[in-house]
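Since the structure comes first, as structure tokens, the remarks are kept for the end.
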Amino acid sequence: MTTARADAVLDRLGRVGQFLWSGWAGLAGLALFAALWQAGHERYGDFILPAPLATLAAGLTIAADPAAWELAGQTTLRAVEGFAMAALAGAAGGLAAGYSPATMRLARPILTVLLGVPPIAWIVLAMIWFGSTDGTIITTVLVAATPVVFVGVAEGAVTRDRGLDDMARAFGAGPLARLTTLGLRHVAAFLFPALTVALGSAFKVAVMAELLANTGGIGGALAAARANLDVAEALAWVLIAVTGLIVVEYTLVHPIRSEFERWRNAARPWGVKR
């Protein structure tokens with residue numbers, strides 16, 4: 001192994017270790033949330049808010065059933081498919097709008113319509129169009145998540161430093177080179193927070209659409225728990241959905257962000273911590 005490759009491997013391992021170590025803050029936040037949850041349980045009782053340990057026990061019981069993994073996989077796949085389509089459509093549209101004022105003026109009323117219509121209305125329309133199929137969930141996720149990505153990317157493109165763009169043009173950089181070396185680096189600061197919000201919306205909307213459209217998945221399991229008045233099981237399914245969201249976010253979005261924004265760590269003065 002060459003020295004350059006060894007340095008690259010060590011650098012990557014160091015960034016992975018730094019990323020994992022930063023998870024302690026997240027665990028502390030979850031511990032605080034669990035403490036507040038326990039306080040609510042002691043105040044309102046089991047029927048309104050089961051204890052965290054009781055919910056965890058219900059979740060472990062669900063996880064022991066192979067069919068539950070299939071339901072969770074269905075929801076995760078539907079949410080990720082809709083999210084991926086929303087990310088591509090929103091990013092492409094946002095870049096076009098950010099670089100073209102005319103496109104931005106045309107897109108604003110469309111965004112107002114998409115953001116103004118509640119997701120449940122889109123679910124009803126999608127059920128009419130696609131029936132109780134995956135198309136209903138994916139379409140609803142696509143419509144709900146695309147505006148979030150669009151607005152983030154468009155805002156990033158509009159606020160780019162045009163002076164740097166002019167300087168690169170003066171040195172002979174073409175439009176593609178200016179976009180990849182300057183524009184996208186600035187847009188990334190707005191894109192990845194928007195992707196995080198869009199991913200959370202994708203899972204929420206997917207579960208809601210499954211529940212209303214009766215298409216199985218975690219939403220269908222929540223409907224069954226509601227029919228049985230099993231609050232602990234319902235909360236356990238909610239935790240499973242949140243776990244799926246966290247897994248996708250920290251294995252897909254954050255690693256890509258870390259690779260794309262390596263320049264941020266390099267640009268920090270020595271000794272400056274997050």
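Naming scheme: A, B, ... for chains in displayed order of the structure tokens; residues 1 onward per chain; ligands 1 onward as shown.
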
*Would you list the contacts of Ile123 in chain A as a PyMOL selection string, taking every protein, DNA or RNA residue within 10 Å and counting only C-alpha atoms, but skipping same-chain residues closer than 3 positions in sequence?*
chain A and resi 118-120+126-129+136-141+143+205-206+208-210+212-213

Restricting the output to all heavy atoms, write the selected residues as a compact mmCIF listing (two decimals), in the first residue's frame.
# COMPACT_ATOMS: atom_id res chain seq x y z
N PRO A 118 -52.59 20.02 2.63
CA PRO A 118 -52.11 19.10 3.68
C PRO A 118 -51.83 17.71 3.12
O PRO A 118 -52.46 17.29 2.14
CB PRO A 118 -53.27 19.07 4.68
CG PRO A 118 -54.46 19.50 3.90
CD PRO A 118 -53.98 20.44 2.86
N PRO A 119 -50.86 16.99 3.72
CA PRO A 119 -50.52 15.65 3.21
C PRO A 119 -51.71 14.70 3.16
O PRO A 119 -51.79 13.86 2.27
CB PRO A 119 -49.46 15.17 4.22
CG PRO A 119 -48.85 16.42 4.76
CD PRO A 119 -49.96 17.42 4.81
N ILE A 120 -52.65 14.84 4.11
CA ILE A 120 -53.78 13.91 4.12
C ILE A 120 -54.63 14.07 2.85
O ILE A 120 -55.22 13.10 2.36
CB ILE A 120 -54.63 14.11 5.39
CG1 ILE A 120 -55.63 12.97 5.54
CG2 ILE A 120 -55.34 15.46 5.38
CD1 ILE A 120 -56.33 12.96 6.87
N ALA A 126 -54.14 10.38 -3.95
CA ALA A 126 -53.31 9.26 -4.40
C ALA A 126 -54.06 7.93 -4.29
O ALA A 126 -53.88 7.04 -5.14
CB ALA A 126 -52.01 9.21 -3.59
N MET A 127 -54.90 7.79 -3.27
CA MET A 127 -55.70 6.57 -3.15
C MET A 127 -56.69 6.45 -4.32
O MET A 127 -56.94 5.35 -4.82
CB MET A 127 -56.45 6.58 -1.82
CG MET A 127 -55.57 6.35 -0.60
SD MET A 127 -56.46 6.57 0.96
CE MET A 127 -57.70 5.28 0.80
N ILE A 128 -57.22 7.59 -4.76
CA ILE A 128 -58.12 7.56 -5.91
C ILE A 128 -57.35 7.19 -7.18
O ILE A 128 -57.83 6.42 -8.03
CB ILE A 128 -58.81 8.92 -6.07
CG1 ILE A 128 -59.70 9.21 -4.86
CG2 ILE A 128 -59.64 8.97 -7.36
CD1 ILE A 128 -60.29 10.61 -4.85
N TRP A 129 -56.15 7.75 -7.31
CA TRP A 129 -55.37 7.51 -8.53
C TRP A 129 -54.76 6.11 -8.57
O TRP A 129 -54.76 5.46 -9.61
CB TRP A 129 -54.25 8.55 -8.62
CG TRP A 129 -54.73 9.96 -8.77
CD1 TRP A 129 -55.92 10.36 -9.31
CD2 TRP A 129 -54.07 11.15 -8.34
NE1 TRP A 129 -56.03 11.73 -9.26
CE2 TRP A 129 -54.91 12.25 -8.68
CE3 TRP A 129 -52.84 11.42 -7.73
CZ2 TRP A 129 -54.55 13.57 -8.41
CZ3 TRP A 129 -52.49 12.73 -7.47
CH2 TRP A 129 -53.34 13.79 -7.81
N THR A 136 -49.44 4.93 -3.94
CA THR A 136 -50.07 5.92 -3.07
C THR A 136 -49.08 6.48 -2.07
O THR A 136 -48.99 7.70 -1.88
CB THR A 136 -51.26 5.28 -2.33
OG1 THR A 136 -52.24 4.88 -3.29
CG2 THR A 136 -51.87 6.25 -1.33
N ILE A 137 -48.31 5.62 -1.44
CA ILE A 137 -47.35 6.07 -0.42
C ILE A 137 -46.22 6.85 -1.05
O ILE A 137 -45.85 7.94 -0.60
CB ILE A 137 -46.81 4.86 0.38
CG1 ILE A 137 -47.88 4.30 1.31
CG2 ILE A 137 -45.62 5.28 1.23
CD1 ILE A 137 -48.82 3.34 0.67
N ILE A 138 -45.65 6.33 -2.12
CA ILE A 138 -44.50 6.98 -2.75
C ILE A 138 -44.88 8.35 -3.31
O ILE A 138 -44.14 9.32 -3.18
CB ILE A 138 -43.92 6.07 -3.85
CG1 ILE A 138 -43.33 4.80 -3.22
CG2 ILE A 138 -42.84 6.80 -4.65
CD1 ILE A 138 -42.89 3.76 -4.22
N THR A 139 -46.06 8.43 -3.94
CA THR A 139 -46.51 9.72 -4.48
C THR A 139 -46.71 10.75 -3.38
O THR A 139 -46.31 11.91 -3.51
CB THR A 139 -47.83 9.53 -5.25
OG1 THR A 139 -47.61 8.61 -6.33
CG2 THR A 139 -48.32 10.85 -5.80
N THR A 140 -47.31 10.33 -2.28
CA THR A 140 -47.54 11.26 -1.17
C THR A 140 -46.22 11.74 -0.58
O THR A 140 -46.06 12.93 -0.27
CB THR A 140 -48.39 10.59 -0.08
OG1 THR A 140 -49.56 10.01 -0.67
CG2 THR A 140 -48.81 11.59 0.96
N VAL A 141 -45.28 10.82 -0.42
CA VAL A 141 -43.96 11.21 0.10
C VAL A 141 -43.28 12.16 -0.87
O VAL A 141 -42.67 13.16 -0.46
CB VAL A 141 -43.09 9.95 0.34
CG1 VAL A 141 -41.65 10.34 0.64
CG2 VAL A 141 -43.66 9.12 1.48
N VAL A 143 -44.59 14.27 -3.04
CA VAL A 143 -45.20 15.60 -3.01
C VAL A 143 -44.87 16.34 -1.71
O VAL A 143 -44.67 17.56 -1.71
CB VAL A 143 -46.73 15.48 -3.20
CG1 VAL A 143 -47.40 16.83 -3.04
CG2 VAL A 143 -47.05 14.90 -4.57
N VAL A 205 -44.91 10.73 6.66
CA VAL A 205 -45.98 10.68 5.66
C VAL A 205 -46.22 9.24 5.21
O VAL A 205 -47.37 8.83 4.97
CB VAL A 205 -45.63 11.59 4.46
CG1 VAL A 205 -46.61 11.38 3.32
CG2 VAL A 205 -45.64 13.05 4.90
N ALA A 206 -45.15 8.45 5.09
CA ALA A 206 -45.31 7.06 4.66
C ALA A 206 -46.14 6.27 5.66
O ALA A 206 -47.06 5.52 5.28
CB ALA A 206 -43.94 6.41 4.48
N MET A 208 -48.30 7.49 7.85
CA MET A 208 -49.67 8.01 7.83
C MET A 208 -50.43 7.50 6.61
O MET A 208 -51.60 7.11 6.70
CB MET A 208 -49.65 9.54 7.83
CG MET A 208 -51.03 10.17 7.84
SD MET A 208 -50.99 11.97 8.10
CE MET A 208 -49.99 12.49 6.70
N ALA A 209 -49.77 7.48 5.45
CA ALA A 209 -50.43 6.99 4.24
C ALA A 209 -50.75 5.51 4.34
O ALA A 209 -51.82 5.06 3.90
CB ALA A 209 -49.54 7.27 3.02
N GLU A 210 -49.85 4.73 4.92
CA GLU A 210 -50.11 3.30 5.10
C GLU A 210 -51.31 3.08 6.01
O GLU A 210 -52.14 2.20 5.77
CB GLU A 210 -48.87 2.62 5.67
CG GLU A 210 -47.73 2.47 4.70
CD GLU A 210 -46.48 1.93 5.36
OE1 GLU A 210 -46.40 1.96 6.62
OE2 GLU A 210 -45.57 1.48 4.64
N LEU A 212 -53.88 5.12 6.55
CA LEU A 212 -55.14 5.53 5.94
C LEU A 212 -55.50 4.69 4.72
O LEU A 212 -56.67 4.43 4.46
CB LEU A 212 -55.06 7.01 5.55
CG LEU A 212 -54.94 8.00 6.71
CD1 LEU A 212 -54.77 9.42 6.18
CD2 LEU A 212 -56.16 7.92 7.61
N ALA A 213 -54.47 4.28 3.97
CA ALA A 213 -54.73 3.53 2.74
C ALA A 213 -54.80 2.02 2.97
O ALA A 213 -55.08 1.27 2.03
CB ALA A 213 -53.66 3.84 1.69

*Could you pull the residues within 12 Å of Val117 in chain A, counting only C-alpha atoms, minus those fewer than 5 positions along the same chain, as a PyMOL selection string?*
chain A and resi 110-112+122-125+140+143-144+147

Go through range 212-271 of chain A and flag each residue having an atom no more than 12 Å from range 40-59 of chain A; for those, report the closest pair of atoms plus their distance in Å to one decimal, using only C-alpha atoms, ordered by chain and rising number, as a tab-separated table.
residue	atom	partner	partner_atom	distance
A:Ala225	CA	A:Ala58	CA	11.5
A:Leu229	CA	A:Phe47	CA	8.8
A:Asp230	CA	A:Phe47	CA	8.4
A:Val231	CA	A:Phe47	CA	6.6
A:Ala232	CA	A:Thr55	CA	5.1
A:Glu233	CA	A:Ala58	CA	5.7
A:Ala234	CA	A:Thr55	CA	8.7
A:Leu235	CA	A:Thr55	CA	6.4
A:Ala236	CA	A:Gly59	CA	4.7
A:Trp237	CA	A:Gly59	CA	7.0
A:Val238	CA	A:Gly59	CA	9.4
A:Leu239	CA	A:Gly59	CA	7.7
A:Ile240	CA	A:Gly59	CA	7.4
A:Ala241	CA	A:Gly59	CA	11.0
A:Thr243	CA	A:Gly59	CA	11.1

Those residues with N, CA and C atoms, as a PDB file, in the first residue's frame please?
ATOM      1  N   ALA A 225     -52.979  -1.977  16.270  1.00  0.00           N
ATOM      2  CA  ALA A 225     -52.786  -1.662  17.687  1.00  0.00           C
ATOM      3  C   ALA A 225     -53.857  -0.711  18.185  1.00  0.00           C
ATOM      4  N   LEU A 229     -56.651  -1.234  21.160  1.00  0.00           N
ATOM      5  CA  LEU A 229     -56.392  -0.322  22.282  1.00  0.00           C
ATOM      6  C   LEU A 229     -55.110  -0.693  23.025  1.00  0.00           C
ATOM      7  N   ASP A 230     -54.112  -1.149  22.273  1.00  0.00           N
ATOM      8  CA  ASP A 230     -52.830  -1.530  22.852  1.00  0.00           C
ATOM      9  C   ASP A 230     -51.858  -0.364  22.668  1.00  0.00           C
ATOM     10  N   VAL A 231     -51.813   0.505  23.670  1.00  0.00           N
ATOM     11  CA  VAL A 231     -51.001   1.723  23.555  1.00  0.00           C
ATOM     12  C   VAL A 231     -49.518   1.387  23.540  1.00  0.00           C
ATOM     13  N   ALA A 232     -49.105   0.406  24.347  1.00  0.00           N
ATOM     14  CA  ALA A 232     -47.692   0.033  24.386  1.00  0.00           C
ATOM     15  C   ALA A 232     -47.221  -0.477  23.025  1.00  0.00           C
ATOM     16  N   GLU A 233     -48.041  -1.298  22.374  1.00  0.00           N
ATOM     17  CA  GLU A 233     -47.673  -1.802  21.047  1.00  0.00           C
ATOM     18  C   GLU A 233     -47.629  -0.671  20.024  1.00  0.00           C
ATOM     19  N   ALA A 234     -48.586   0.257  20.115  1.00  0.00           N
ATOM     20  CA  ALA A 234     -48.591   1.384  19.185  1.00  0.00           C
ATOM     21  C   ALA A 234     -47.314   2.216  19.339  1.00  0.00           C
ATOM     22  N   LEU A 235     -46.944   2.493  20.597  1.00  0.00           N
ATOM     23  CA  LEU A 235     -45.722   3.258  20.823  1.00  0.00           C
ATOM     24  C   LEU A 235     -44.488   2.474  20.381  1.00  0.00           C
ATOM     25  N   ALA A 236     -44.530   1.157  20.543  1.00  0.00           N
ATOM     26  CA  ALA A 236     -43.407   0.334  20.094  1.00  0.00           C
ATOM     27  C   ALA A 236     -43.229   0.435  18.586  1.00  0.00           C
ATOM     28  N   TRP A 237     -44.330   0.427  17.838  1.00  0.00           N
ATOM     29  CA  TRP A 237     -44.242   0.582  16.380  1.00  0.00           C
ATOM     30  C   TRP A 237     -43.737   1.973  16.014  1.00  0.00           C
ATOM     31  N   VAL A 238     -44.116   2.981  16.788  1.00  0.00           N
ATOM     32  CA  VAL A 238     -43.582   4.327  16.545  1.00  0.00           C
ATOM     33  C   VAL A 238     -42.071   4.343  16.740  1.00  0.00           C
ATOM     34  N   LEU A 239     -41.603   3.688  17.793  1.00  0.00           N
ATOM     35  CA  LEU A 239     -40.159   3.610  18.028  1.00  0.00           C
ATOM     36  C   LEU A 239     -39.453   2.864  16.896  1.00  0.00           C
ATOM     37  N   ILE A 240     -40.084   1.837  16.376  1.00  0.00           N
ATOM     38  CA  ILE A 240     -39.487   1.092  15.263  1.00  0.00           C
ATOM     39  C   ILE A 240     -39.372   1.984  14.032  1.00  0.00           C
ATOM     40  N   ALA A 241     -40.422   2.793  13.779  1.00  0.00           N
ATOM     41  CA  ALA A 241     -40.365   3.720  12.643  1.00  0.00           C
ATOM     42  C   ALA A 241     -39.252   4.751  12.833  1.00  0.00           C
ATOM     43  N   THR A 243     -36.579   4.351  14.647  1.00  0.00           N
ATOM     44  CA  THR A 243     -35.308   3.642  14.508  1.00  0.00           C
ATOM     45  C   THR A 243     -34.935   3.477  13.039  1.00  0.00           C
TER      46      THR A 243
END

Given only C-alpha atoms, how would the per-residue table for range 116-196 of chain A near range 89-99 of chain A read, listing every residue at most 10 Å away with its closest atom pair and distance in Å to one decimal, sorted by chain and number, as CSV?
residue,atom,partner,partner_atom,distance
A:Leu142,CA,A:Ala89,CA,8.9
A:Ala145,CA,A:Gly90,CA,8.2
A:Thr146,CA,A:Gly90,CA,4.9
A:Pro147,CA,A:Gly90,CA,6.4
A:Val148,CA,A:Gly90,CA,7.5
A:Val149,CA,A:Gly90,CA,4.9
A:Phe150,CA,A:Gly90,CA,4.1
A:Val151,CA,A:Gly94,CA,6.4
A:Gly152,CA,A:Gly94,CA,7.4
A:Val153,CA,A:Gly94,CA,4.9
A:Ala154,CA,A:Gly94,CA,4.1
A:Glu155,CA,A:Gly98,CA,6.8
A:Gly156,CA,A:Gly98,CA,7.4
A:Ala157,CA,A:Gly98,CA,4.6
A:Val158,CA,A:Gly98,CA,4.8
A:Thr159,CA,A:Gly98,CA,8.4
A:Arg160,CA,A:Gly98,CA,9.2
A:Leu179,CA,A:Leu95,CA,9.8
A:Gly183,CA,A:Leu95,CA,9.3
A:Leu184,CA,A:Leu95,CA,9.1
A:Val187,CA,A:Leu95,CA,8.6
A:Leu191,CA,A:Ala91,CA,7.8
A:Ala194,CA,A:Gly90,CA,9.9
A:Leu195,CA,A:Ala91,CA,9.7

*Residues flagged alpha helix (DSSP H) by DSSP in range 32-176 of chain A, as an MDAnalysis selection string*: chainID A and resid 32:44 52:63 66:99 101:116 119:130 134:158 162:170 175:176

Can I get the selected residues back with C-alpha atoms, as a tab-separated table (two decimals), in the first residue's frame?
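Output saved as result-v4.tsv:
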chain	number	residue	atom	x	y	z
A	32	LEU	CA	-33.28	13.10	28.60
A	33	PHE	CA	-36.25	12.26	26.37
A	34	ALA	CA	-36.67	8.91	28.16
A	35	ALA	CA	-36.61	10.68	31.53
A	36	LEU	CA	-39.36	13.07	30.43
A	37	TRP	CA	-41.31	10.10	29.05
A	38	GLN	CA	-41.04	8.30	32.40
A	39	ALA	CA	-42.26	11.43	34.19
A	40	GLY	CA	-45.28	11.59	31.88
A	41	HIS	CA	-46.00	7.91	32.54
A	42	GLU	CA	-45.93	8.43	36.28
A	43	ARG	CA	-48.26	11.42	35.91
A	44	TYR	CA	-50.85	9.95	33.50
A	52	PRO	CA	-40.41	3.44	28.39
A	53	LEU	CA	-39.36	-0.02	29.62
A	54	ALA	CA	-42.82	-1.44	28.93
A	55	THR	CA	-42.73	0.03	25.44
A	56	LEU	CA	-39.24	-1.35	24.91
A	57	ALA	CA	-40.43	-4.81	26.01
A	58	ALA	CA	-43.31	-4.59	23.52
A	59	GLY	CA	-40.83	-3.58	20.83
A	60	LEU	CA	-38.60	-6.58	21.59
A	61	THR	CA	-41.64	-8.85	21.37
A	62	ILE	CA	-42.49	-7.37	17.98
A	63	ALA	CA	-38.89	-7.71	16.80
A	66	PRO	CA	-40.11	-12.27	11.45
A	67	ALA	CA	-43.30	-10.80	9.96
A	68	ALA	CA	-42.64	-7.55	11.83
A	69	TRP	CA	-39.31	-7.15	10.04
A	70	GLU	CA	-41.13	-7.47	6.74
A	71	LEU	CA	-43.59	-4.73	7.74
A	72	ALA	CA	-40.78	-2.42	8.85
A	73	GLY	CA	-38.91	-3.15	5.62
A	74	GLN	CA	-41.96	-2.24	3.55
A	75	THR	CA	-42.30	1.14	5.21
A	76	THR	CA	-38.59	1.87	5.03
A	77	LEU	CA	-38.40	0.95	1.34
A	78	ARG	CA	-41.42	3.07	0.46
A	79	ALA	CA	-40.13	6.05	2.43
A	80	VAL	CA	-36.64	5.79	0.95
A	81	GLU	CA	-37.96	5.46	-2.61
A	82	GLY	CA	-40.14	8.54	-2.21
A	83	PHE	CA	-37.32	10.41	-0.49
A	84	ALA	CA	-34.82	9.57	-3.25
A	85	MET	CA	-37.21	10.80	-5.93
A	86	ALA	CA	-37.95	13.95	-3.92
A	87	ALA	CA	-34.23	14.61	-3.39
A	88	LEU	CA	-33.47	14.32	-7.11
A	89	ALA	CA	-36.46	16.37	-8.24
A	90	GLY	CA	-36.06	19.01	-5.53
A	91	ALA	CA	-32.31	19.39	-6.04
A	92	ALA	CA	-32.59	19.67	-9.83
A	93	GLY	CA	-35.49	22.13	-9.62
A	94	GLY	CA	-33.82	24.15	-6.87
A	95	LEU	CA	-30.60	24.51	-8.86
A	96	ALA	CA	-32.53	25.61	-11.93
A	97	ALA	CA	-34.53	28.13	-9.89
A	98	GLY	CA	-31.45	29.40	-8.05
A	99	TYR	CA	-29.57	30.09	-11.27
A	101	PRO	CA	-34.79	34.15	-11.76
A	102	ALA	CA	-37.50	33.40	-14.33
A	103	THR	CA	-37.66	29.77	-13.19
A	104	MET	CA	-37.89	30.93	-9.57
A	105	ARG	CA	-40.82	33.21	-10.36
A	106	LEU	CA	-42.61	30.35	-12.12
A	107	ALA	CA	-41.91	27.90	-9.29
A	108	ARG	CA	-43.10	30.06	-6.38
A	109	PRO	CA	-46.87	29.66	-6.95
A	110	ILE	CA	-46.41	25.92	-7.53
A	111	LEU	CA	-44.54	25.64	-4.22
A	112	THR	CA	-47.29	27.58	-2.49
A	113	VAL	CA	-49.86	25.10	-3.77
A	114	LEU	CA	-47.78	22.05	-2.79
A	115	LEU	CA	-47.03	23.40	0.68
A	116	GLY	CA	-50.57	24.67	1.24
A	119	PRO	CA	-50.52	15.65	3.21
A	120	ILE	CA	-53.78	13.91	4.12
A	121	ALA	CA	-55.43	15.52	1.07
A	122	TRP	CA	-52.66	14.17	-1.17
A	123	ILE	CA	-53.15	10.74	0.40
A	124	VAL	CA	-56.85	10.82	-0.50
A	125	LEU	CA	-56.06	11.87	-4.07
A	126	ALA	CA	-53.31	9.26	-4.40
A	127	MET	CA	-55.70	6.57	-3.15
A	128	ILE	CA	-58.12	7.56	-5.91
A	129	TRP	CA	-55.37	7.51	-8.53
A	130	PHE	CA	-53.39	4.43	-7.45
A	134	ASP	CA	-47.13	1.42	-3.10
A	135	GLY	CA	-47.80	4.19	-5.59
A	136	THR	CA	-50.07	5.92	-3.07
A	137	ILE	CA	-47.35	6.07	-0.42
A	138	ILE	CA	-44.50	6.98	-2.75
A	139	THR	CA	-46.51	9.72	-4.48
A	140	THR	CA	-47.54	11.26	-1.17
A	141	VAL	CA	-43.96	11.21	0.10
A	142	LEU	CA	-42.73	12.72	-3.16
A	143	VAL	CA	-45.20	15.60	-3.01
A	144	ALA	CA	-44.56	16.26	0.69
A	145	ALA	CA	-40.74	16.13	0.61
A	146	THR	CA	-39.87	17.73	-2.73
A	147	PRO	CA	-40.69	21.36	-1.74
A	148	VAL	CA	-38.41	21.11	1.31
A	149	VAL	CA	-35.42	20.09	-0.80
A	150	PHE	CA	-36.33	22.56	-3.54
A	151	VAL	CA	-36.43	25.54	-1.18
A	152	GLY	CA	-33.15	24.58	0.50
A	153	VAL	CA	-31.23	24.14	-2.75
A	154	ALA	CA	-32.74	27.25	-4.35
A	155	GLU	CA	-31.82	29.34	-1.30
A	156	GLY	CA	-28.28	28.02	-1.46
A	157	ALA	CA	-27.93	28.77	-5.16
A	158	VAL	CA	-29.38	32.28	-4.83
A	162	ARG	CA	-21.19	35.78	-7.40
A	163	GLY	CA	-17.82	37.49	-7.01
A	164	LEU	CA	-16.11	34.10	-6.80
A	165	ASP	CA	-18.12	32.99	-9.81
A	166	ASP	CA	-16.92	36.00	-11.82
A	167	MET	CA	-13.34	35.38	-10.74
A	168	ALA	CA	-13.49	31.75	-11.85
A	169	ARG	CA	-14.97	32.85	-15.17
A	170	ALA	CA	-12.12	35.33	-15.61
A	175	PRO	CA	-20.14	26.75	-16.37
A	176	LEU	CA	-19.78	23.09	-15.34

*When distances are computed from only C-alpha atoms, which of A:Val248, A:Leu182, A:Ser258, A:Asp161 shows the smallest separation from Phe203 in chain A?*
A:Val248

*To one decimal in Å, tell me the separation between CA of Phe260 in chain A and CA of His186 in chain A.*
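Pair CA of Phe260 in chain A / CA of His186 in chain A returns 10.9 Å.
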